[in-house]
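As provided, my_file_33.csv (CSV, C-alpha atoms) reads as follows.
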chain,number,residue,atom,x,y,z
A,191,LEU,CA,-79.7,237.6,120.8
A,192,LEU,CA,-77.8,234.5,121.7
A,193,MET,CA,-74.3,235.8,121.5
A,194,PRO,CA,-74.1,237.6,125.0
A,195,ALA,CA,-75.1,234.4,126.8
A,196,SER,CA,-72.8,232.2,124.7
A,197,VAL,CA,-69.8,234.5,125.3
A,198,LYS,CA,-70.5,234.6,129.0
A,199,GLN,CA,-70.9,230.8,129.4
A,200,ALA,CA,-67.9,229.8,127.2
A,201,ASP,CA,-64.7,228.7,128.8
A,202,LYS,CA,-62.8,229.8,125.7
A,203,ILE,CA,-63.7,231.7,122.6
A,204,ILE,CA,-62.1,230.7,119.3
A,205,CYS,CA,-61.7,233.8,117.1
A,206,VAL,CA,-60.9,233.3,113.4
A,207,SER,CA,-58.9,236.6,113.3
A,208,GLN,CA,-57.4,239.2,115.6
A,209,PHE,CA,-60.1,241.6,114.3
A,210,THR,CA,-62.8,239.2,115.6
A,211,ALA,CA,-61.1,238.9,118.9
A,212,THR,CA,-60.9,242.7,119.1
A,213,GLU,CA,-64.6,242.9,118.3
A,214,VAL,CA,-65.4,240.5,121.2
A,215,GLY,CA,-63.3,242.6,123.5
A,216,THR,CA,-65.1,245.8,122.4
A,217,PHE,CA,-68.6,244.5,123.0
A,218,TRP,CA,-67.9,242.2,125.9
A,219,PRO,CA,-64.7,243.6,127.5
A,220,GLU,CA,-65.1,241.4,130.6
A,221,GLN,CA,-64.9,238.3,128.4
A,222,ALA,CA,-61.9,239.4,126.3
A,223,HIS,CA,-59.4,237.2,128.2
A,224,LYS,CA,-61.2,234.1,126.9
A,225,CYS,CA,-60.3,234.8,123.3
A,226,ASP,CA,-57.8,232.7,121.4
A,227,VAL,CA,-57.1,233.5,117.7
A,228,ILE,CA,-57.0,230.4,115.5
A,229,TYR,CA,-57.0,231.2,111.8
A,230,SER,CA,-59.0,229.1,109.4
A,231,GLY,CA,-57.5,227.2,106.5
A,232,ALA,CA,-58.6,227.1,102.9
A,233,LEU,CA,-60.4,224.9,100.4
A,234,GLY,CA,-58.0,222.2,99.1
A,235,ASN,CA,-55.1,223.6,101.0
A,236,SER,CA,-52.8,221.5,103.3
A,237,ASP,CA,-49.3,221.7,104.6
A,238,ASN,CA,-48.1,219.5,101.8
A,239,ASP,CA,-50.1,220.8,98.9
A,240,VAL,CA,-48.3,222.4,96.0
A,241,PHE,CA,-50.2,224.5,93.5
A,242,VAL,CA,-48.6,225.3,90.1
A,243,GLU,CA,-49.1,228.6,88.3
A,244,LYS,CA,-51.8,228.4,85.6
A,245,GLU,CA,-52.5,230.7,82.7
A,246,ALA,CA,-55.4,233.0,83.6
A,247,ASN,CA,-58.6,233.4,81.7
A,248,PRO,CA,-59.8,236.9,81.2
A,249,TYR,CA,-62.2,237.5,84.2
A,250,ILE,CA,-62.3,239.1,87.6
A,251,LEU,CA,-63.8,237.1,90.3
A,252,PHE,CA,-66.1,237.8,93.3
A,253,VAL,CA,-67.0,235.1,95.8
A,254,GLY,CA,-69.3,235.5,98.7
A,255,THR,CA,-72.9,235.4,100.0
A,256,LEU,CA,-74.9,238.0,98.3
A,257,GLU,CA,-75.9,240.5,100.9
A,258,PRO,CA,-75.5,244.2,101.6
A,259,ARG,CA,-72.3,244.1,103.5
A,260,LYS,CA,-70.5,242.6,100.5
A,261,ASN,CA,-70.7,246.0,98.8
A,262,LEU,CA,-71.5,244.5,95.4
A,263,PRO,CA,-73.3,247.6,94.0
A,264,ARG,CA,-70.0,249.6,94.2
A,265,LEU,CA,-68.0,246.8,92.7
A,266,LEU,CA,-70.5,246.6,89.8
A,267,GLY,CA,-70.4,250.3,89.4
A,268,ALA,CA,-66.6,250.4,89.3
A,269,PHE,CA,-66.6,247.5,86.7
A,270,SER,CA,-69.2,249.4,84.6
A,271,LYS,CA,-67.0,252.5,84.6
A,272,LEU,CA,-64.0,250.4,83.4
A,273,VAL,CA,-66.1,248.8,80.7
A,274,SER,CA,-67.8,252.0,79.4
A,275,GLU,CA,-64.4,253.7,79.1
A,276,GLY,CA,-62.8,250.7,77.4
A,277,ARG,CA,-60.2,250.3,80.0
A,278,ILE,CA,-60.6,246.6,80.7
A,279,LYS,CA,-60.9,243.4,78.7
A,280,GLU,CA,-61.8,241.1,81.5
A,281,ASP,CA,-65.3,240.1,82.4
A,282,LEU,CA,-66.7,239.9,85.9
A,283,VAL,CA,-67.8,236.5,87.4
A,284,VAL,CA,-69.9,236.7,90.6
A,285,VAL,CA,-70.2,233.5,92.7
A,286,GLY,CA,-72.4,233.1,95.7
A,287,SER,CA,-75.9,232.2,97.0
A,288,ASP,CA,-78.5,234.7,98.2
A,289,GLY,CA,-78.1,235.9,101.8
A,290,TRP,CA,-80.1,238.3,103.9
A,291,GLY,CA,-81.3,241.7,102.6
A,292,GLU,CA,-82.4,242.7,99.1
A,293,VAL,CA,-79.6,242.4,96.6
A,294,ASP,CA,-81.1,242.5,93.1
A,295,LEU,CA,-78.0,242.0,91.0
A,296,VAL,CA,-79.9,241.1,87.8
A,297,SER,CA,-81.6,244.5,87.8
A,298,LEU,CA,-78.5,246.3,88.7
A,299,VAL,CA,-76.4,244.7,86.0
A,300,ARG,CA,-79.2,245.5,83.5
A,301,SER,CA,-79.4,249.1,84.6
A,302,LEU,CA,-75.6,249.5,84.2
A,303,LYS,CA,-75.8,248.0,80.7
A,304,ILE,CA,-73.1,245.3,81.4
A,305,GLU,CA,-75.2,242.2,80.9
A,306,GLY,CA,-72.8,240.7,78.4
A,307,ARG,CA,-69.8,241.3,80.6
A,308,VAL,CA,-71.1,239.9,84.0
A,309,SER,CA,-71.8,236.3,84.8
A,310,LEU,CA,-73.9,235.6,87.9
A,311,LYS,CA,-73.0,232.0,88.8
A,312,GLY,CA,-75.0,231.6,92.0
A,313,TYR,CA,-74.0,228.6,94.1
A,314,VAL,CA,-71.2,226.4,92.7
A,315,SER,CA,-69.6,223.2,93.9
A,316,ASP,CA,-66.2,223.1,95.6
A,317,ASN,CA,-64.6,221.7,92.4
A,318,GLN,CA,-66.2,224.3,90.3
A,319,LEU,CA,-65.0,227.0,92.7
A,320,GLN,CA,-61.4,225.8,92.6
A,321,GLN,CA,-61.5,225.9,88.8
A,322,LEU,CA,-62.9,229.5,88.9
A,323,TYR,CA,-60.1,230.5,91.3
A,324,GLN,CA,-57.4,228.9,89.1
A,325,GLY,CA,-58.7,230.8,86.0
A,326,ALA,CA,-59.3,234.2,87.6
A,327,ARG,CA,-57.1,237.2,86.9
A,328,CYS,CA,-57.8,238.6,90.3
A,329,LEU,CA,-60.3,238.4,93.2
A,330,VAL,CA,-62.1,241.5,94.4
A,331,MET,CA,-63.6,241.5,97.9
A,332,PRO,CA,-64.8,245.0,98.8
A,333,SER,CA,-66.8,243.9,101.8
A,334,ILE,CA,-67.7,246.6,104.4
A,335,TYR,CA,-67.3,244.0,107.2
A,336,GLU,CA,-65.7,240.6,107.4
A,337,GLY,CA,-64.7,238.5,110.4
A,338,PHE,CA,-62.2,236.4,108.3
A,339,GLY,CA,-62.8,236.4,104.5
A,340,LEU,CA,-62.3,232.8,103.4
A,341,PRO,CA,-62.4,233.6,99.6
A,342,VAL,CA,-59.4,235.8,100.0
A,343,LEU,CA,-57.3,232.9,101.3
A,344,GLU,CA,-58.7,230.4,98.9
A,345,ALA,CA,-57.8,232.7,95.9
A,346,MET,CA,-54.3,233.5,97.2
A,347,GLN,CA,-53.3,229.8,97.4
A,348,PHE,CA,-53.6,229.7,93.6
A,349,GLY,CA,-51.5,232.8,93.2
A,350,VAL,CA,-54.4,235.0,92.4
A,351,PRO,CA,-53.9,238.6,93.5
A,352,VAL,CA,-56.7,239.9,95.7
A,353,PHE,CA,-58.2,243.3,96.2
A,354,VAL,CA,-59.6,243.7,99.7
A,355,ALA,CA,-61.5,246.5,101.4
A,356,ASP,CA,-59.4,248.3,104.0
A,357,ALA,CA,-61.9,247.2,106.6
A,358,GLY,CA,-62.6,244.4,109.1
A,359,SER,CA,-60.3,241.4,109.0
A,360,LEU,CA,-59.4,241.6,105.3
A,361,PRO,CA,-56.1,243.4,105.5
A,362,GLU,CA,-55.0,241.1,108.3
A,363,ILE,CA,-55.7,238.0,106.2
A,364,SER,CA,-54.4,239.1,102.8
A,365,GLY,CA,-51.2,240.6,104.1
A,366,ALA,CA,-48.7,241.3,101.3
A,367,GLY,CA,-50.7,239.1,99.0
A,368,GLY,CA,-53.4,241.6,98.5
A,369,LEU,CA,-54.0,245.3,97.6
A,370,LEU,CA,-56.1,247.5,99.8
A,371,ILE,CA,-59.0,249.5,98.4
A,372,ASP,CA,-61.4,252.0,99.9
A,373,PRO,CA,-64.7,250.1,99.9
A,374,LEU,CA,-66.6,253.4,99.8
A,375,SER,CA,-64.9,254.7,96.7
A,376,GLN,CA,-66.3,253.4,93.4
A,377,ILE,CA,-63.7,255.3,91.5
A,378,GLY,CA,-60.9,254.0,93.7
A,379,ILE,CA,-62.0,250.4,93.2
A,380,ALA,CA,-62.0,250.9,89.4
A,381,ARG,CA,-58.6,252.6,89.4
A,382,ALA,CA,-57.0,249.9,91.5
A,383,ILE,CA,-58.2,247.1,89.2
A,384,GLU,CA,-57.1,248.9,86.1
A,385,VAL,CA,-53.6,249.6,87.5
A,386,LEU,CA,-53.0,246.0,88.6
A,387,LEU,CA,-54.3,244.3,85.4
A,388,ASN,CA,-52.1,246.6,83.2
A,389,ASP,CA,-48.9,246.4,85.2
A,390,GLU,CA,-47.4,242.9,84.6
A,391,GLU,CA,-44.5,243.5,87.0
A,392,LEU,CA,-46.8,244.5,89.8
A,393,TYR,CA,-49.2,241.6,89.0
A,394,SER,CA,-46.4,239.1,89.2
A,395,ARG,CA,-45.1,240.4,92.4
A,396,ILE,CA,-48.5,240.4,94.1
A,397,SER,CA,-49.1,236.9,92.7
A,398,GLU,CA,-45.9,235.6,94.3
A,399,GLN,CA,-46.7,237.2,97.6
A,400,ALA,CA,-50.2,235.7,97.5
A,401,ILE,CA,-48.8,232.2,97.4
A,402,LYS,CA,-46.4,232.9,100.2
A,403,ARG,CA,-49.0,234.4,102.4
A,404,SER,CA,-51.5,231.6,101.8
A,405,ALA,CA,-48.9,229.1,102.9
A,406,GLU,CA,-49.1,230.5,106.4
A,407,PHE,CA,-52.7,229.1,106.8
A,408,SER,CA,-54.0,225.6,106.7
A,409,TRP,CA,-56.8,223.5,108.2
A,410,GLN,CA,-54.1,221.1,109.6
A,411,LYS,CA,-52.6,224.0,111.6
A,412,ALA,CA,-56.0,225.1,112.7
A,413,ALA,CA,-56.8,221.6,113.8
A,414,ARG,CA,-53.6,221.2,115.8
A,415,GLU,CA,-54.2,224.6,117.5
A,416,THR,CA,-57.9,223.7,118.3
A,417,THR,CA,-57.0,220.4,119.7
A,418,ALA,CA,-54.3,222.0,121.9
A,419,LEU,CA,-56.9,224.5,123.1
A,420,PHE,CA,-59.4,221.7,124.0
A,421,ASP,CA,-56.6,220.0,126.0
A,422,ARG,CA,-56.0,223.1,128.0
A,423,VAL,CA,-59.7,223.6,128.7
A,424,VAL,CA,-60.0,220.0,129.9
A,425,ALA,CA,-56.9,220.2,132.0
A,426,GLY,CA,-58.3,223.3,133.7

Using structure tokens, write down the structure from this file.
Amino acid sequence: LLMPASVKQADKIICVSQFTATEVGTFWPEQAHKCDVIYSGALGNSDNDVFVEKEANPYILFVGTLEPRKNLPRLLGAFSKLVSEGRIKEDLVVVGSDGWGEVDLVSLVRSLKIEGRVSLKGYVSDNQLQQLYQGARCLVMPSIYEGFGLPVLEAMQFGVPVFVADAGSLPEISGAGGLLIDPLSQIGIARAIEVLLNDEELYSRISEQAIKRSAEFSWQKAARETTALFDRVVAG
């Protein structure tokens, strides 16, 4: 309800992705000229930070607010298929607080008979989250819609390969550090995870690309670009 007035009154609109800027232009074309894309940084990341490769623990990670657009039922269904067919040794760790909408993961996990293979962590601290990223085999983010997708960037900085939905901003942010999946295909999600986790050469290549891609983002860079934008607005 507030967005149309805010967009109209703003001198400039900071968009965290080109996808977001395109969305603004789609809904408010007369305001599109105000958009400036300034990418976010990531937890614990800076221009001078160096992250060393760590041995992964056997789990797949999901990070995000628990709400319908995150597409968790299809992820859990894909994981259940892999488990039931004995195609995967990794467990699934789900991190995130409840958001809007009804997402009863406990009941879903129970109905899929994967209680012993899925850990629902809820909210975790920043330090705990970093540890979970460092230990993950991969991150899966099958969201139907994202304006940026911060967990993707946070995972990549630790060399964690990411699976992202071919939707919204996710392909833009992950670049060569991620693999695209059809968020509407449960079988496709399952197949992609299985292939990556059983192909060491592919896994190593995507891991290296993830680190390179994440180095292109930082809060320091975002701060410099934001400050420069403020100066231009003030200067008129």

Within 8 Å of stretch 323-328 of chain A: each stretch 335-404 of chain A residue with its shortest pair, all atoms listed in the file, as a Markdown table:
| residue | atom | partner | partner_atom | distance |
| --- | --- | --- | --- | --- |
| A:Glu344 | CA | A:Tyr323 | CA | 7.7 |
| A:Ala345 | CA | A:Tyr323 | CA | 5.6 |
| A:Phe348 | CA | A:Gln324 | CA | 5.9 |
| A:Val350 | CA | A:Cys328 | CA | 5.4 |
| A:Pro351 | CA | A:Cys328 | CA | 5.0 |
| A:Val352 | CA | A:Cys328 | CA | 5.7 |
| A:Phe353 | CA | A:Cys328 | CA | 7.6 |
| A:Leu387 | CA | A:Arg327 | CA | 7.8 |

Go ahead and save the picked residues with C-alpha atoms, as an mmCIF file, in the coordinates of the input.
data_model
loop_
_atom_site.group_PDB
_atom_site.id
_atom_site.type_symbol
_atom_site.label_atom_id
_atom_site.label_comp_id
_atom_site.auth_asym_id
_atom_site.auth_seq_id
_atom_site.Cartn_x
_atom_site.Cartn_y
_atom_site.Cartn_z
ATOM 1 C CA GLU A 344 -58.700 230.400 98.900
ATOM 2 C CA ALA A 345 -57.800 232.700 95.900
ATOM 3 C CA PHE A 348 -53.600 229.700 93.600
ATOM 4 C CA VAL A 350 -54.400 235.000 92.400
ATOM 5 C CA PRO A 351 -53.900 238.600 93.500
ATOM 6 C CA VAL A 352 -56.700 239.900 95.700
ATOM 7 C CA PHE A 353 -58.200 243.300 96.200
ATOM 8 C CA LEU A 387 -54.300 244.300 85.400
#

Practice task
For A:Asp226, list every protein, DNA or RNA residue within 7 Å, evaluated using all atoms listed in the file, and leave out those in the same chain fewer than 5 positions away; present the list as a list in words.
Solution key: Ile203, Ile204 and Cys205 of chain A

Exercise for the section: Tell me which protein, DNA and RNA residues are within 10 Å of A:Lys402, counting only C-alpha atoms, leaving out same-chain ones fewer than 3 positions away, and put them as a count of residues only. Expected result: 13

Problem - Long-range neighbours of A:Asp294 as number ranges by chain, 12 Å cut-off, only C-alpha atoms, 6 positions minimum in chain - result: A: 256-258, 262-263, 266, 288, 300-301, 310

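Residue nearest A:Val273 within the list A:Leu360, A:Leu302, A:Cys225, A:Leu340: A:Leu302 [criterion: smallest interatomic distance, all atoms listed in the file].
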
Exercise for the section: Just the residues within 10 Å of A:Phe209, please, counting all atoms listed in the file, with nothing from its chain fewer than 2 positions along; format it as an MDAnalysis selection string. Expected result: chainID A and resid 205:207 211:215 227 336:338 357:363

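Distances here use all atoms listed in the file; by that measure, the residue among A:Ile228, A:Asp201, A:Met331, A:Leu191 closest to A:Glu415 is A:Ile228.
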
Exercise for the section: Using all atoms listed in the file, find the one residue out of A:Asp316, A:Glu384, A:Glu391, A:Glu220 that sits nearest to A:Glu280. Expected result: A:Glu384

Exercise for the section: Find, counting only C-alpha atoms, the residue in A:Arg307, A:Lys202, A:Leu272, A:Leu329 that gets nearest to A:Val424. Expected result: A:Lys202

Problem - For A:Ser270: contacts at 9 Å, all atoms listed in the file, fewer than 4 positions along chain excluded, given as a PyMOL selection string - result: chain A and resi 265-266+274-275+299+302-304+380

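You will find atom CA of A:Ser364 at 29.7 Å from atom CA of A:Pro194.
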
Fill in the blank from the handout: As a check of understanding: the span from atom CA of A:Gln376 to atom CA of A:Ser297 is 18.6 Å

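Closest approach to A:Lys198 among A:Asn388, A:Lys224, A:Leu319, A:Thr216: A:Lys224, based on only C-alpha atoms.
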
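Nearest-residue note for A:Ile383: choosing from A:Leu192, A:Ala222, A:Val354, A:Val197, the minimum distance belongs to A:Val354, counting all atoms listed in the file.
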
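Pairwise distance (atom CA of A:Ile371, atom CA of A:Trp409) equals 27.9 Å.
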